[in-house]
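K.L.:
What follows is start-v1.txt, made up of compact mmCIF, C-alpha atoms:
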# COMPACT_ATOMS: atom_id res chain seq x y z
CA MET A 1 102.09 80.78 110.73
CA SER A 2 98.99 78.68 111.28
CA THR A 3 96.12 79.68 113.55
CA LEU A 4 97.12 76.84 115.87
CA HIS A 5 100.68 78.14 116.16
CA THR A 6 99.45 81.71 116.72
CA GLY A 7 97.08 80.55 119.44
CA LEU A 8 99.74 78.49 121.17
CA LEU A 9 102.22 81.37 121.11
CA ARG A 10 99.61 83.71 122.63
CA ILE A 11 98.84 81.19 125.37
CA MET A 12 102.54 80.78 126.08
CA MET A 13 102.95 84.49 126.76
CA GLY A 14 100.87 84.16 129.93
CA MET A 15 102.11 80.74 131.07
CA SER A 16 104.07 79.79 134.12
CA GLU A 17 107.67 78.77 133.61
CA ILE A 18 106.81 75.05 133.78
CA GLY A 19 103.94 75.39 131.32
CA LEU A 20 106.13 77.37 128.97
CA VAL A 21 108.85 74.72 129.06
CA LEU A 22 106.37 71.92 128.29
CA VAL A 23 104.66 73.69 125.41
CA SER A 24 107.98 75.00 124.09
CA ALA A 25 109.45 71.49 124.05
CA PHE A 26 106.46 70.31 122.03
CA LEU A 27 106.61 73.26 119.63
CA GLN A 28 110.35 72.95 119.07
CA ASP A 29 109.74 69.65 117.36
CA ILE A 30 106.85 70.77 115.16
CA ALA A 31 107.42 74.48 114.83
CA THR A 32 108.14 76.22 111.58
CA ALA A 33 111.32 78.25 111.23
CA SER A 34 109.48 81.50 112.05
CA ASP A 35 107.95 79.89 115.14
CA ARG A 36 111.39 78.74 116.31
CA ASP A 37 112.71 82.26 115.78
CA ARG A 38 109.88 83.73 117.86
CA LEU A 39 110.55 81.17 120.59
CA LEU A 40 114.25 82.02 120.44
CA LEU A 41 113.57 85.72 120.88
CA GLU A 42 111.23 84.97 123.78
CA ALA A 43 113.84 82.75 125.45
CA ILE A 44 116.39 85.54 125.10
CA ARG A 45 113.98 88.06 126.66
CA ARG A 46 113.38 85.64 129.54
CA GLY A 47 117.09 84.94 130.01
CA GLN A 48 116.89 81.19 129.35
CA PRO A 49 120.28 80.08 127.95
CA GLU A 50 119.47 76.35 127.91
CA LYS A 51 116.34 76.99 125.88
CA VAL A 52 118.28 79.32 123.56
CA LYS A 53 120.88 76.60 123.05
CA SER A 54 118.19 74.01 122.29
CA LEU A 55 116.37 76.24 119.82
CA LEU A 56 119.59 77.16 118.03
CA SER A 57 120.44 73.45 117.73
CA LYS A 58 117.01 72.87 116.17
CA GLY A 59 117.48 75.52 113.51
CA ALA A 60 116.36 78.80 115.04
CA ASP A 61 118.08 81.71 113.29
CA ALA A 62 120.71 83.43 115.45
CA ASN A 63 120.08 86.53 113.31
CA ALA A 64 116.33 86.58 114.02
CA ARG A 65 114.73 90.00 114.46
CA GLU A 66 111.81 91.26 116.50
CA GLU A 67 108.88 92.83 114.64
CA TYR A 68 110.28 96.26 115.49
CA GLY A 69 113.78 95.43 114.26
CA ASP A 70 115.86 94.49 117.32
CA THR A 71 118.15 91.55 116.64
CA ALA A 72 118.53 88.50 118.85
CA LEU A 73 122.04 89.70 119.75
CA VAL A 74 120.87 93.22 120.60
CA ASN A 75 118.25 91.67 122.91
CA ALA A 76 120.83 89.44 124.63
CA VAL A 77 123.18 92.40 125.08
CA HIS A 78 120.35 94.57 126.39
CA LYS A 79 119.49 91.88 128.95
CA GLY A 80 123.16 91.69 129.95
CA ASN A 81 123.21 87.93 129.45
CA LEU A 82 126.81 86.98 128.69
CA GLU A 83 126.00 83.27 128.28
CA ILE A 84 123.36 83.93 125.63
CA VAL A 85 125.64 86.40 123.84
CA ARG A 86 128.27 83.64 123.68
CA LEU A 87 125.74 81.12 122.32
CA LEU A 88 124.71 83.50 119.54
CA LEU A 89 128.32 84.30 118.66
CA ASP A 90 129.10 80.58 118.52
CA LYS A 91 126.29 80.22 115.96
CA GLY A 92 127.83 82.87 113.72
CA VAL A 93 125.45 85.72 114.43
CA ASP A 94 126.11 88.95 112.51
CA ILE A 95 127.93 90.83 115.25
CA ASN A 96 127.49 94.21 113.56
CA ALA A 97 123.82 93.95 112.55
CA ALA A 98 122.15 97.17 113.66
CA ASP A 99 118.69 97.43 115.16
CA SER A 100 115.95 99.61 113.68
CA GLY A 101 117.52 102.66 115.35
CA GLY A 102 120.88 101.99 113.70
CA TYR A 103 122.54 100.83 116.92
CA THR A 104 124.87 97.86 116.81
CA PRO A 105 125.18 95.33 119.64
CA LEU A 106 128.47 97.02 120.64
CA MET A 107 126.72 100.38 120.97
CA ARG A 108 123.97 98.76 123.04
CA SER A 109 126.59 97.16 125.30
CA VAL A 110 127.57 100.53 126.78
CA GLY A 111 126.26 100.47 130.34
CA ARG A 112 125.92 96.68 130.42
CA PRO A 113 128.40 94.30 132.08
CA PRO A 114 131.83 95.18 130.60
CA GLU A 115 132.52 91.49 129.87
CA ILE A 116 129.88 91.68 127.16
CA MET A 117 131.60 94.58 125.44
CA SER A 118 134.95 92.81 125.70
CA LEU A 119 133.46 89.65 124.20
CA LEU A 120 131.96 91.61 121.30
CA LEU A 121 135.23 93.47 120.66
CA ASN A 122 137.26 90.26 120.81
CA ASN A 123 134.90 88.65 118.28
CA GLY A 124 135.17 91.35 115.64
CA ALA A 125 132.59 94.01 116.51
CA ASP A 126 133.19 97.19 114.51
CA VAL A 127 134.45 99.57 117.20
CA ASN A 128 133.89 102.59 114.91
CA ALA A 129 130.41 101.76 113.59
CA LYS A 130 128.12 104.79 113.45
CA THR A 131 124.40 105.40 113.53
CA ASP A 132 122.82 107.67 110.93
CA ASP A 133 123.43 110.49 113.44
CA SER A 134 127.15 109.59 113.63
CA LEU A 135 126.80 108.24 117.16
CA THR A 136 129.38 105.61 118.14
CA ALA A 137 129.92 103.39 121.17
CA LEU A 138 132.80 105.69 122.15
CA LYS A 139 130.67 108.84 122.00
CA THR A 140 127.97 107.13 124.06
CA ALA A 141 130.47 105.97 126.70
CA GLN A 142 132.01 109.45 126.87
CA LYS A 143 128.61 111.10 127.20
CA MET A 144 127.67 108.71 130.03
CA GLY A 145 130.99 109.21 131.82
CA PHE A 146 132.16 105.58 131.63
CA LYS A 147 135.93 106.18 131.72
CA GLU A 148 136.90 102.49 131.83
CA ILE A 149 134.68 101.74 128.83
CA VAL A 150 136.16 104.70 126.94
CA ALA A 151 139.64 103.31 127.64
CA LEU A 152 138.57 99.81 126.53
CA LEU A 153 137.11 101.13 123.28
CA LYS A 154 140.19 103.24 122.54
CA ALA A 155 142.43 100.23 123.26
CA HIS A 156 140.51 98.43 120.49
CA GLY A 157 140.99 101.28 118.02
CA ALA A 158 137.97 103.53 118.62
CA ARG A 159 138.47 106.95 117.07
CA GLU A 160 136.92 110.22 118.13
Please, can you express the file's structure as structure tokens?

P.N.:
Amino acid sequence: MSTLHTGLLRIMMGMSEIGLVLVSAFLQDIATASDRDRLLLEAIRRGQPEKVKSLLSKGADANAREEYGDTALVNAVHKGNLEIVRLLLDKGVDINAADSGGYTPLMRSVGRPPEIMSLLLNNGADVNAKTDDSLTALKTAQKMGFKEIVALLKAHGARE
């Protein structure tokens, strides 16, 4: 990334919403792929589905990762943003890509709006995926006492 792009991205972090939209619109047209991915991740963190949609249409990678390993989908799930989760799924995001801790988006959906978990399950999320410590979405839901989520996971084939 050029010094100009780095400087603009740093400025954008402290901008008002209007300033961010204006600079982002400019950058979307001239940005490199890595810049678009950074802008995508930022739009997901800020809960901006229209911006996410625009960036994806301009070539941002739905499978982009943060520096520390979280995927775009994990971030959208963490934020509880169903609309952004749908946009990423529509772009063919890897629904089972784990973050740096080994957690899949489905595992991260425990405790978020249940519609997100249902959407992930209905789009092919691996209900029995495990972390290196053998933790699953089902074990997490059981530990947290989410009976309805446990039932939903079992209905989709989760095994103990």

K.L.:
Counting only C-alpha atoms, figure out which residue out of A:Arg159, A:Arg112, A:Lys143, A:Lys91 gets nearest to Lys130 (chain A).

P.N.:
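Checking each of A:Arg159, A:Arg112, A:Lys143, A:Lys91 against Lys130 (chain A), counting only C-alpha atoms, the winner is A:Arg159.
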
K.L.:
Between CA of Gly101 (chain A) and CA of Leu39 (chain A), measure the distance and give it in Å to one decimal.

P.N.:
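Going from CA of Gly101 (chain A) over to CA of Leu39 (chain A), I get 23.2 Å.
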
K.L.:
In Å, how far is it from CA of Gly157 (chain A) to CA of Leu135 (chain A)?

P.N.:
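Taking CA of Gly157 (chain A) as the start and CA of Leu135 (chain A) as the end point, the length is 15.8 Å.
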
K.L.:
Every residue with an atom at most 10 Å from (133.7, 101.8, 111.8) (file coordinates; all atoms listed in the file) is what I'm after, so could you write them as a ChimeraX atom specification?

P.N.:
/A:96,125-130,136,157-159

K.L.:
Please identify all polymer residues within 6 Å of Asp61 (chain A), counting only C-alpha atoms, omitting same-chain residues fewer than 2 positions from it, and present them as a list of chain:residue names.

P.N.:
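The contact residues come out as A:Asp37, A:Asn63, A:Ala64.
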
K.L.:
Go through A:Gly92, A:Pro114, A:Gly80, A:Gly124 one by one, measure the shortest atom-to-atom distance of each to Leu56 (chain A) using all atoms listed in the file, and give the residue with the smallest value.

P.N.:
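Closest to Leu56 (chain A), using all atoms listed in the file: A:Gly92.
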
K.L.:
I'd like to know which of A:Leu106, A:Leu41, A:Ile95, A:Leu89 is closest to Ala72 (chain A), using all atoms listed in the file.

P.N.:
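Closest to Ala72 (chain A), using all atoms listed in the file: A:Leu41.
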
K.L.:
In Å to one decimal, how far is CA of Leu87 (chain A) from CA of Val110 (chain A)?

P.N.:
20.0 Å

K.L.:
For each of A:Leu55, A:Ala137, A:Leu120, A:Ala33, take the minimum atom-to-atom distance to Val85 (chain A), counting all atoms listed in the file, then give the residue where this is smallest.

P.N.:
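Ranking A:Leu55, A:Ala137, A:Leu120, A:Ala33 by distance to Val85 (chain A), first place goes to A:Leu120.
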
K.L.:
Taking the partial coordinates given, rebuild region 108-122 of chain A to contain N, CA, C and O atoms; return it as a tab-separated table (two decimals), keeping the file's coordinate frame.

P.N.:
chain	number	residue	atom	x	y	z
A	108	ARG	N	124.95	99.11	121.99
A	108	ARG	CA	123.97	98.76	123.04
A	108	ARG	C	124.65	98.18	124.28
A	108	ARG	O	124.03	98.12	125.34
A	109	SER	N	125.91	97.75	124.15
A	109	SER	CA	126.59	97.16	125.30
A	109	SER	C	127.11	98.21	126.28
A	109	SER	O	127.49	97.86	127.40
A	110	VAL	N	127.14	99.47	125.87
A	110	VAL	CA	127.57	100.53	126.78
A	110	VAL	C	126.58	100.59	127.95
A	110	VAL	O	125.38	100.68	127.75
A	111	GLY	N	127.11	100.47	129.16
A	111	GLY	CA	126.26	100.47	130.34
A	111	GLY	C	125.83	99.08	130.80
A	111	GLY	O	125.17	98.94	131.82
A	112	ARG	N	126.19	98.07	130.05
A	112	ARG	CA	125.92	96.68	130.42
A	112	ARG	C	127.20	96.10	131.04
A	112	ARG	O	128.23	96.76	131.04
A	113	PRO	N	127.17	94.87	131.52
A	113	PRO	CA	128.40	94.30	132.08
A	113	PRO	C	129.56	94.42	131.09
A	113	PRO	O	129.42	94.07	129.91
A	114	PRO	N	130.71	94.94	131.52
A	114	PRO	CA	131.83	95.18	130.60
A	114	PRO	C	132.34	93.92	129.91
A	114	PRO	O	132.93	93.99	128.83
A	115	GLU	N	132.09	92.75	130.51
A	115	GLU	CA	132.52	91.49	129.87
A	115	GLU	C	131.81	91.29	128.53
A	115	GLU	O	132.37	90.67	127.62
A	116	ILE	N	130.60	91.80	128.42
A	116	ILE	CA	129.88	91.68	127.16
A	116	ILE	C	130.55	92.50	126.09
A	116	ILE	O	130.78	92.04	124.96
A	117	MET	N	130.91	93.75	126.42
A	117	MET	CA	131.60	94.58	125.44
A	117	MET	C	132.93	93.95	125.04
A	117	MET	O	133.26	93.91	123.85
A	118	SER	N	133.67	93.45	126.00
A	118	SER	CA	134.95	92.81	125.70
A	118	SER	C	134.76	91.62	124.76
A	118	SER	O	135.52	91.44	123.81
A	119	LEU	N	133.74	90.81	125.04
A	119	LEU	CA	133.46	89.65	124.20
A	119	LEU	C	133.12	90.09	122.76
A	119	LEU	O	133.63	89.51	121.80
A	120	LEU	N	132.31	91.11	122.63
A	120	LEU	CA	131.96	91.61	121.30
A	120	LEU	C	133.21	92.14	120.57
A	120	LEU	O	133.42	91.84	119.39
A	121	LEU	N	134.01	92.92	121.28
A	121	LEU	CA	135.23	93.47	120.66
A	121	LEU	C	136.19	92.36	120.26
A	121	LEU	O	136.77	92.41	119.17
A	122	ASN	N	136.34	91.36	121.10
A	122	ASN	CA	137.26	90.26	120.81
A	122	ASN	C	136.75	89.33	119.72
A	122	ASN	O	137.50	88.48	119.23
